[in-house]
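Chemist: Here it is, the structure, as structure tokens.
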Amino acid sequence: LALGNTLVDMYAKCDMMSAAHEAFDRLPCQDIVSWNVLLAGYADQCHLKKILQEFKRMQSRGVSPDDVTYTTCLRACCNVEAVTEGQGMHSEIEKKGFFDIGFVSSMLVDMYAKFGLLMEAQYLFDKHPIHDLCLWNVLIAGYTEHEQSERAFECLKQMQSKGVSPDVTTLFYSLKACGSLGATDKGADLHMEITKKGLVEKDIVIGNTLIGMYVKCGLLAAAHKMFDILPFRDIGSWNALIAGYDELKDNEDVFLVFDRMLGEGMIPDAVTFILLLNACSRRGLLERASEYFEAMSKDYGIEPTAEHHNCLVDLLGRVGHLGKAMTNITELPCFSD
RNA sequence: UUCGUUUUCUAGAC
């Protein structure tokens, strides 16, 4: 049975849900793990209805949900912002006494935080007996992502005073909080701490986040210096720098950064083109935008998404071509947004 | 055998 469960899990993780379901049906009997891996597959695919349906079905077959089941269902609710369903799961969790389990509670707090229901998130955090690193992180992330970075800092302080030391995730959000508050000094402190721990060498993402932090603080020179001292650079590093030049320089230097990037053999991604198109939009450069838009799919095989079209429509509107903007909108494969 | 937090873009107007 363990082997069969692994098979279902493998299909589910490859997003092959029909194969997963088939493998599931072929099992001699379905235990709690079988159901859990099936549900996890649907959770990742954002099929909430399907999940709730299977969740009911497992119970009607006499299998009662465990802590893993609830964490999975919460993740599904979180993914599709299903507040009511999430609250329903929450009350079942409390009734069955699963709340104290670390995985369950951090998912629960994370869900409420992502919904922007931070009072509820904080309340649950406070009443939880054990504040592990992950529970702190979801709370800090919640405050940071909802314009309450001061509170994020308070949490960070409290966390450290309780002897829990920040990990990479904590530092990501702390840097983000510095950015949105323009807290340059705090940012520089964190930078030192990160350097001391040798994390810049270990994790490119943290270096990229530092670039972003300096940009948000309006310090382009510092951002550029950070970029220069990175041990190596990925597309995220370049994108962060391009974003910085876009935001902090009114001239066309941002395009020079892009050219330099190409010169160094880095391949742009979808985000790069959103940045470039936005940069053109702000500067009213219709010609250049059209060139980038064309090059994107032609030279790099990146299919334009709604975001890319948004940039173009915005630009067309800005330079007074509302008619063309309309044409662009109506020509979209789908105009759901 | 199954579960939790992880960077880079996300405007404009007021």
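How things are named: the first chain in the structure tokens is A, the next is B, and so on; residues count from 1 in each chain; ligands count from 1 in the order shown.
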Do you have, as JSON lines, the list of residues of chain B lying at most 6 Å from chain A, each with its nearest atom pair and that distance in Å to one decimal, counting only C-alpha atoms (C1' of nucleotides) and ordered by chain then number?

Modeler:
{"residue": "B:U1", "atom": "C1'", "partner": "A:Ala2", "partner_atom": "CA", "distance": 4.7}
{"residue": "B:U2", "atom": "C1'", "partner": "A:Val37", "partner_atom": "CA", "distance": 5.1}
{"residue": "B:C3", "atom": "C1'", "partner": "A:Val68", "partner_atom": "CA", "distance": 4.8}
{"residue": "B:G4", "atom": "C1'", "partner": "A:Phe103", "partner_atom": "CA", "distance": 4.8}
{"residue": "B:U5", "atom": "C1'", "partner": "A:Val138", "partner_atom": "CA", "distance": 5.0}
{"residue": "B:U6", "atom": "C1'", "partner": "A:Thr169", "partner_atom": "CA", "distance": 5.0}
{"residue": "B:U7", "atom": "C1'", "partner": "A:Val205", "partner_atom": "CA", "distance": 4.7}
{"residue": "B:U8", "atom": "C1'", "partner": "A:Gly236", "partner_atom": "CA", "distance": 4.3}
{"residue": "B:C9", "atom": "C1'", "partner": "A:Leu275", "partner_atom": "CA", "distance": 5.3}

Chemist: Can you write just those residues out, N, CA, C and O atoms (P, O5', C5', C4', C3', O3' and C1' of nucleotides), as a PDB file, in the first residue's frame?

Modeler:
ATOM      1  P     U B   1       9.041   6.810   4.927  1.00  0.00           P
ATOM      2  O5'   U B   1       7.887   6.953   3.809  1.00  0.00           O
ATOM      3  C5'   U B   1       8.219   6.995   2.443  1.00  0.00           C
ATOM      4  C4'   U B   1       6.981   7.172   1.625  1.00  0.00           C
ATOM      5  C3'   U B   1       6.152   8.409   1.971  1.00  0.00           C
ATOM      6  O3'   U B   1       6.680   9.536   1.315  1.00  0.00           O
ATOM      7  C1'   U B   1       4.741   6.517   1.723  1.00  0.00           C
ATOM      8  P     U B   2       6.694  10.902   2.113  1.00  0.00           P
ATOM      9  O5'   U B   2       5.186  11.366   1.961  1.00  0.00           O
ATOM     10  C5'   U B   2       4.663  11.690   0.676  1.00  0.00           C
ATOM     11  C4'   U B   2       3.344  12.365   0.864  1.00  0.00           C
ATOM     12  C3'   U B   2       3.390  13.609   1.726  1.00  0.00           C
ATOM     13  O3'   U B   2       3.776  14.715   0.941  1.00  0.00           O
ATOM     14  C1'   U B   2       1.575  12.251   2.383  1.00  0.00           C
ATOM     15  P     C B   3       4.724  15.822   1.540  1.00  0.00           P
ATOM     16  O5'   C B   3       3.719  16.720   2.372  1.00  0.00           O
ATOM     17  C5'   C B   3       2.562  17.269   1.731  1.00  0.00           C
ATOM     18  C4'   C B   3       1.872  18.200   2.664  1.00  0.00           C
ATOM     19  C3'   C B   3       2.740  19.307   3.232  1.00  0.00           C
ATOM     20  O3'   C B   3       2.840  20.366   2.308  1.00  0.00           O
ATOM     21  C1'   C B   3       1.408  18.360   4.945  1.00  0.00           C
ATOM     22  P     G B   4       4.051  21.384   2.372  1.00  0.00           P
ATOM     23  O5'   G B   4       3.637  22.297   3.591  1.00  0.00           O
ATOM     24  C5'   G B   4       2.422  23.023   3.542  1.00  0.00           C
ATOM     25  C4'   G B   4       2.437  24.086   4.585  1.00  0.00           C
ATOM     26  C3'   G B   4       3.532  25.123   4.393  1.00  0.00           C
ATOM     27  O3'   G B   4       3.141  26.079   3.430  1.00  0.00           O
ATOM     28  C1'   G B   4       3.412  24.473   6.657  1.00  0.00           C
ATOM     29  P     U B   5       4.163  26.796   2.559  1.00  0.00           P
ATOM     30  O5'   U B   5       4.723  27.909   3.532  1.00  0.00           O
ATOM     31  C5'   U B   5       3.894  29.000   3.896  1.00  0.00           C
ATOM     32  C4'   U B   5       4.723  30.072   4.525  1.00  0.00           C
ATOM     33  C3'   U B   5       5.886  30.565   3.679  1.00  0.00           C
ATOM     34  O3'   U B   5       5.444  31.563   2.773  1.00  0.00           O
ATOM     35  C1'   U B   5       6.615  30.149   5.885  1.00  0.00           C
ATOM     36  P     U B   6       5.787  31.467   1.295  1.00  0.00           P
ATOM     37  O5'   U B   6       7.332  31.833   1.237  1.00  0.00           O
ATOM     38  C5'   U B   6       7.766  33.152   1.547  1.00  0.00           C
ATOM     39  C4'   U B   6       9.146  33.349   0.966  1.00  0.00           C
ATOM     40  C3'   U B   6       9.280  32.935  -0.489  1.00  0.00           C
ATOM     41  O3'   U B   6       9.937  33.946  -1.228  1.00  0.00           O
ATOM     42  C1'   U B   6      10.919  31.861   0.839  1.00  0.00           C
ATOM     43  P     U B   7       9.043  35.093  -1.863  1.00  0.00           P
ATOM     44  O5'   U B   7      10.216  35.972  -2.453  1.00  0.00           O
ATOM     45  C5'   U B   7      10.864  36.890  -1.585  1.00  0.00           C
ATOM     46  C4'   U B   7      12.023  37.487  -2.289  1.00  0.00           C
ATOM     47  C3'   U B   7      11.693  38.234  -3.568  1.00  0.00           C
ATOM     48  O3'   U B   7      11.278  39.543  -3.261  1.00  0.00           O
ATOM     49  C1'   U B   7      13.549  36.853  -3.912  1.00  0.00           C
ATOM     50  P     U B   8      10.340  40.280  -4.278  1.00  0.00           P
ATOM     51  O5'   U B   8      11.281  40.422  -5.550  1.00  0.00           O
ATOM     52  C5'   U B   8      12.454  41.235  -5.497  1.00  0.00           C
ATOM     53  C4'   U B   8      13.043  41.311  -6.883  1.00  0.00           C
ATOM     54  C3'   U B   8      12.055  41.744  -7.954  1.00  0.00           C
ATOM     55  O3'   U B   8      12.009  43.154  -8.004  1.00  0.00           O
ATOM     56  C1'   U B   8      13.257  39.863  -8.698  1.00  0.00           C
ATOM     57  P     C B   9      10.711  43.895  -7.601  1.00  0.00           P
ATOM     58  O5'   C B   9       9.915  43.905  -8.965  1.00  0.00           O
ATOM     59  C5'   C B   9      10.445  44.600 -10.080  1.00  0.00           C
ATOM     60  C4'   C B   9       9.381  44.755 -11.127  1.00  0.00           C
ATOM     61  C3'   C B   9       8.023  45.179 -10.599  1.00  0.00           C
ATOM     62  O3'   C B   9       7.990  46.576 -10.385  1.00  0.00           O
ATOM     63  C1'   C B   9       7.754  43.427 -12.136  1.00  0.00           C
TER      64        C B   9
END

Chemist: Could you find all residues in range 78-289 of chain A that DSSP calls alpha helix (DSSP H) from the backbone, and write them as an MDAnalysis selection string?

Modeler: chainID A and resid 78:79 83:96 102:114 118:127 133:145 149:161 168:181 184:196 199:202 204:216 220:229 235:248 253:263 270:283 286:289

Chemist: Quick one: residues within 9 Å of His224 in chain A, only C-alpha atoms (C1' of nucleotides), excluding same-chain residues fewer than 5 positions away - as a PDB file with C-alpha atoms, in the first residue's frame?

Modeler:
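Below is the file that was written, part.pdb:
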ATOM      1  CA  ILE A 211      19.276  45.012  -4.098  1.00  0.00           C
ATOM      2  CA  TYR A 214      18.158  49.490  -1.416  1.00  0.00           C
ATOM      3  CA  VAL A 215      16.069  50.394  -4.446  1.00  0.00           C
ATOM      4  CA  LEU A 219      19.501  54.315  -2.817  1.00  0.00           C
ATOM      5  CA  ILE A 229      29.617  42.496  -5.123  1.00  0.00           C
ATOM      6  CA  LEU A 241      18.710  46.286 -10.945  1.00  0.00           C
ATOM      7  CA  GLY A 244      15.929  50.170  -9.698  1.00  0.00           C
TER       8      GLY A 244
END

Chemist: Which residue gives the smallest distance to A11 in chain B among A:Cys46, A:Leu312, A:Ala152, A:Ile194, with only C-alpha atoms (C1' of nucleotides) counted?

Modeler: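 Of A:Cys46, A:Leu312, A:Ala152, A:Ile194, the one nearest A11 in chain B is A:Leu312, counting only C-alpha atoms (C1' of nucleotides).
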